[in-house]
Amino acid sequence: MKIIDSTLQPQIDSTLDVARVRADFPILKLQVEGKPLVYLDNAASSQMPQPVIDRLVRYQTSQHANINRGVHYLSETATAEYEAVRRKLQRFINAREDREVIFTSGTTDSINLVMHGYGRKFIGAGDEIILTTLEHHSNIVPWQMLAEEKGARIRVVPINDAGELLIDEYEKLFNERTKFVGVMHVSNALGTVNPIREMIAFAHARGVPVLVDGAQAAPHMKVDVQDLDCDFYAFSGHKMCGPTGIGILYGKAEFLERMQPFKGGGDMILSVTFERTTYNSIPHKFEAGTPPIAAAIGLGAAVDYLSNVGIDAIAAYEVELLTYATEQMRQIPGVRIIGTAAKKTAVLSFEMAGVHPHDVGTLLNQEGVAVRTGHHCVQPVMLRLKVPATTRASFAFYNTMAEVDTFIAGIRTVQKIFI
Amino acid sequence: MTTKSLYQEVILDHNRKPRNYGKLDKASHHAVGHNPLCGDHLDIDLNLEGEHIEGIAFHGESCAICKASASMMTTVVKGKSLADAEMLIKEFRDMATGTLDLAHPHHLGRLTVFAGVRDLPTRVKCAILPWHTLHAALNSVSTTSTEAEDDPMHAAIGDA
């Protein structure tokens with residue numbers, strides 16, 4: 001059987017042709033409230049380029065069947081394509097082996113897998129789990145559930161007013177009961193890029209494994225799991241130009257092998273009798289039931305697309321967008337940027353004096369500008385920074401400087417309405 | 001109705017200068033309303049005398065739509081009978097959720113400036129919260145929420 005691996009060779013280009021890139025995204029031609037859509041909610045979910053849409057159509061029209069089951073042509077094709085995506089993702093994050101890449105439904109599912117598979121087996125009464133103030137609820141709640149079940153304790157790394165982790169305090173939290181660290185690579189609400197490489201090294205020197213929530217990093221910067229030396233790395237397809245319903249858990253093989261399965265069902269077993277079930281080897285041990293095959297194929301195409309544009313070019317261009325938007329924003333009186341870390345991705349959270357974020361969001365929508373408003377699933381961050389909610393503009397490589405201008409003009413319009 | 005017509009001068013004015021804003025010295029009834037999606041909350045104090053609302057005041061943290069809705073609500077229900085207040089609560093909720101036909105007789109008067117929220121599903125809760133909280137206060141329920149089971153807009157708006 002011919003194994004079709006449609007990997008395109010990455011052509012690393014230091015400059016990004018945004019007009020060319022935009023032409024690939026049909027949704028960007030949309031009009032909202034009679035104005036051209038300015039999509040600045042990329043941290044919530046990114047948009048999908050035509051090559052990914054085409055790939056989904058091609059899979060669905062000529063390659064679909066269930067995987068790992070049939071001996072027929074379509075099943076073999078779908079299985080080969082699905083496994084080719086696993087290798088693609090392995091290369092994308094530079095994992096040592098493809099069996100270290102597990103398909104999940106998303107970052108939340110990935111974190112829950114680690115909590116059930118590793119946490120419930122290796123974390124017990126009196127043990128401590130270190131998390132950070134910046135964590136998304138999805139990297140807090142599963143560990144709280146575990147702590148409650150096991151009688152374990154959660155310790156929290158504080159942040160400063162800029163939204164940066166206090167690394168001295170992180171290091172002070174370690175003791176002989178510390179069994180696990182969960183930290184996000186990039187803050188979804190503030191854009192802070194955390195020094196995870198150093199944090200991982202510190203934890204490893206004390207024999208503590210580290211899970212990284214990479215949902216906001218994978219689409220915006222080169223991720224090398226071997227260089228980071230993280231034990232787990234979780235991210236989502238839909239935040240990186242792929243479909244919803246698919247995500248990745250990278251785990252070091254030695255950890256994954258020691259872990260217990262999370263979900264039971266077909267595909268994750270070698271043999272089943274009512275007396276005894278033998279589990280499959282990794283990664284299949286963690287992929288029970290029919291996975292979202294089409295979504296996985298789409299994620300593979302998304303990774304090809306991002307690699308073609310060039311992750312380094314994307315990162316460099318997004319810094320330009322952030323720098324420009326931040327400069328423009330700082331010139332508006334009464335607007336305060338929330339999250340001013342020295343190292344940030346293109347996320348701009350802010351509050352406006354006298355205007356509630358919901359009103360800002362609704363009125364910006366009237367200008368065709370899509371932003372996120374609310375607590376961004378990080379209520380502890382909001383509590384710490386003493387803001388009930390913020391408005392967040394989050395940029396992607398297909399946004400333009402002209403869109404930043406539209407956004408800034410929209411902010412000024414909101415102010416005029418409320419003065 | 002467009003978004004622009006929702007943010008009419010009357011709404012902006014009540015947001016800037018909310019009427020009956022604060023607390024009552026001696027409240028006979030009280031309720032707190034929460035909108036967990038945005039963290040907004042609203043306190044309502046009531047003074048009931050027999051079957052009438054003698055006094056009403058509100059305070060809290062909320063968006064312009066919610067604050068203006070609360071402010072206008074207090075001016076309208078003050079002095080009304082409990083039965084009239086409950087009728088207005090029902091009519092306002094029906095208008096906000098788009099089930100009230102404004103062409104038919106109703107008692108909402110200038111409260112119809114909020115009719116536009118029916119086209120903004122994520123903002124319906126903002127407009128309804130004060131009325132929900134008033135209903136709770138009238139019925140001596142100490143706290144309420146836009147996520148309460150009896151809320152017609154209970155459907156989740158999204159939390160990613």
# chains A, B, ... in the order shown; residues from 1 in each chain; ligands from 1
>>> interface_residues(of="chain B", to="chain A", cutoff="12 Å", atoms="only C-alpha atoms", output="ChimeraX atom specification")
/B:1-9,11-17,35-41,60-67,117,119-127,157-160
>>> select_by_dssp(residues="stretch 6-152 of chain B", states="alpha helix (DSSP H)", output="number ranges by chain")
B: 6, 9-16, 64-77, 82-96, 124-138
>>> atom_distance(atom1="atom CA of A:Val21", atom2="atom CA of A:Tyr324")
19.6 Å
>>> residues_around(residues="stretch 78-80 of chain B", least_positions_apart="5", cutoff="6 Å", atoms="only C-alpha atoms", output="list in words")
His52, Ile53 and Glu54 of chain B
>>> write_last_selection(atoms="C-alpha atoms", output="JSON list (two decimals), in the first residue's frame")
[["chain", "number", "residue", "atom", "x", "y", "z"],
["B", 52, "HIS", "CA", -46.80, 48.19, 46.85],
["B", 53, "ILE", "CA", -43.15, 48.93, 46.16],
["B", 54, "GLU", "CA", -42.53, 52.00, 48.28]]
>>> residues_around(residues="stretch 93-105 of chain B", least_positions_apart="6", cutoff="8 Å", atoms="only C-alpha atoms", output="PyMOL selection string")
chain B and resi 112+114-118+124+127-128+131+152-153
>>> atom_distance(atom1="atom CA of A:Ala218", atom2="atom CA of A:Thr244")
15.0 Å
>>> residues_around(residues="B:Met73", least_positions_apart="3", cutoff="9 Å", atoms="only C-alpha atoms", output="PyMOL selection string")
chain B and resi 68-70+76-78+111+130-131
>>> write_last_selection(atoms="N, CA and C atoms", output="compact mmCIF listing (two decimals), in the first residue's frame")
# COMPACT_ATOMS: atom_id res chain seq x y z
N ALA B 68 -28.24 50.59 32.87
CA ALA B 68 -29.35 51.41 32.38
C ALA B 68 -30.67 50.68 32.56
N SER B 69 -30.65 49.37 32.32
CA SER B 69 -31.85 48.57 32.50
C SER B 69 -32.30 48.63 33.96
N ALA B 70 -31.33 48.52 34.88
CA ALA B 70 -31.64 48.57 36.31
C ALA B 70 -32.18 49.95 36.69
N VAL B 76 -39.46 52.90 36.94
CA VAL B 76 -40.77 52.44 36.46
C VAL B 76 -41.55 51.68 37.54
N VAL B 77 -40.87 50.86 38.33
CA VAL B 77 -41.63 50.01 39.27
C VAL B 77 -41.91 50.70 40.61
N LYS B 78 -41.21 51.80 40.87
CA LYS B 78 -41.42 52.51 42.14
C LYS B 78 -42.89 52.95 42.23
N LEU B 111 -39.36 51.54 28.09
CA LEU B 111 -38.46 50.40 28.27
C LEU B 111 -38.21 49.67 26.95
N PRO B 130 -31.26 42.76 35.95
CA PRO B 130 -31.95 43.54 37.00
C PRO B 130 -33.37 43.05 37.25
N TRP B 131 -34.07 42.66 36.20
CA TRP B 131 -35.46 42.21 36.32
C TRP B 131 -35.52 40.85 37.01
>>> select_by_dssp(residues="stretch 1-159 of chain B", states="strand (DSSP E)", output="ChimeraX atom specification")
/B:29-35,40-49,52-61,143-145
>>> residues_around(residues="A:Arg91", least_positions_apart="6", cutoff="12 Å", atoms="only C-alpha atoms", output="CSV table (one decimal) with N, CA and C atoms, in the first residue's frame")
chain,number,residue,atom,x,y,z
A,7,THR,N,3.5,15.9,3.3
A,7,THR,CA,4.3,16.9,4.0
A,7,THR,C,5.0,17.8,2.9
A,9,GLN,N,7.8,20.5,2.2
A,9,GLN,CA,9.1,20.9,2.8
A,9,GLN,C,8.9,22.4,3.3
A,10,PRO,N,9.2,22.6,4.6
A,10,PRO,CA,9.1,24.0,5.0
A,10,PRO,C,10.1,24.9,4.3
A,84,ALA,N,0.4,9.4,9.4
A,84,ALA,CA,1.3,10.4,8.8
A,84,ALA,C,1.2,11.7,9.5
A,85,VAL,N,0.0,12.0,10.0
A,85,VAL,CA,-0.2,13.3,10.7
A,85,VAL,C,0.6,13.2,12.1
A,97,GLU,N,10.2,10.5,19.3
A,97,GLU,CA,9.5,9.4,18.6
A,97,GLU,C,8.0,9.8,18.3
A,98,ASP,N,7.5,9.2,17.3
A,98,ASP,CA,6.1,9.5,17.0
A,98,ASP,C,5.1,8.9,18.0
A,100,GLU,N,5.2,9.2,21.0
A,100,GLU,CA,5.1,10.2,22.1
A,100,GLU,C,4.1,11.3,21.8
A,101,VAL,N,3.4,11.2,20.6
A,101,VAL,CA,2.4,12.1,20.2
A,101,VAL,C,1.1,11.4,20.3
A,222,LYS,N,8.2,28.7,17.6
A,222,LYS,CA,8.8,27.4,17.4
A,222,LYS,C,8.8,26.7,18.8
A,223,VAL,N,8.2,25.5,18.8
A,223,VAL,CA,8.2,24.7,20.0
A,223,VAL,C,9.1,23.5,19.8
A,224,ASP,N,10.1,23.3,20.6
A,224,ASP,CA,10.9,22.1,20.5
A,224,ASP,C,10.9,21.4,21.9
A,225,VAL,N,10.2,20.3,21.9
A,225,VAL,CA,9.9,19.7,23.3
A,225,VAL,C,11.2,19.1,23.8
A,226,GLN,N,12.1,18.7,22.9
A,226,GLN,CA,13.4,18.1,23.4
A,226,GLN,C,14.3,19.2,24.0
A,250,TYR,N,1.8,15.7,23.9
A,250,TYR,CA,3.1,15.1,23.8
A,250,TYR,C,3.5,14.7,25.2
A,300,GLY,N,-3.0,18.1,10.4
A,300,GLY,CA,-1.8,17.9,9.6
A,300,GLY,C,-1.6,18.9,8.6
A,303,VAL,N,-0.6,22.2,10.1
A,303,VAL,CA,0.9,22.2,10.4
A,303,VAL,C,1.7,22.5,9.2
A,304,ASP,N,1.3,21.8,8.1
A,304,ASP,CA,2.0,22.1,6.8
A,304,ASP,C,1.9,23.5,6.4
A,307,SER,N,4.0,25.7,8.6
A,307,SER,CA,5.4,25.5,8.3
A,307,SER,C,5.8,26.1,7.0
>>> residues_around(residues="B:Ser71", least_positions_apart="6", cutoff="8 Å", atoms="only C-alpha atoms", output="short mmCIF file (atom, residue, chain, number, x, y, z; two decimals) with C-alpha atoms, in the first residue's frame")
data_model
loop_
_atom_site.label_atom_id
_atom_site.label_comp_id
_atom_site.auth_asym_id
_atom_site.auth_seq_id
_atom_site.Cartn_x
_atom_site.Cartn_y
_atom_site.Cartn_z
CA HIS B 14 -29.05 56.20 32.63
CA ASN B 15 -25.62 54.56 32.53
CA PRO B 18 -28.15 55.91 37.25
CA ARG B 19 -31.34 56.74 39.15
CA ASN B 20 -32.05 55.20 42.57
CA TYR B 21 -28.42 54.12 42.77
CA PHE B 58 -29.70 49.20 43.30
#
>>> closest_residue(among="B:His29, B:Leu129, B:Ile56, B:Ile89", to="B:Thr74", atoms="only C-alpha atoms")
B:Ile56
>>> atom_distance(atom1="atom CA of A:Gly265", atom2="atom CA of A:Ala234")
22.4 Å
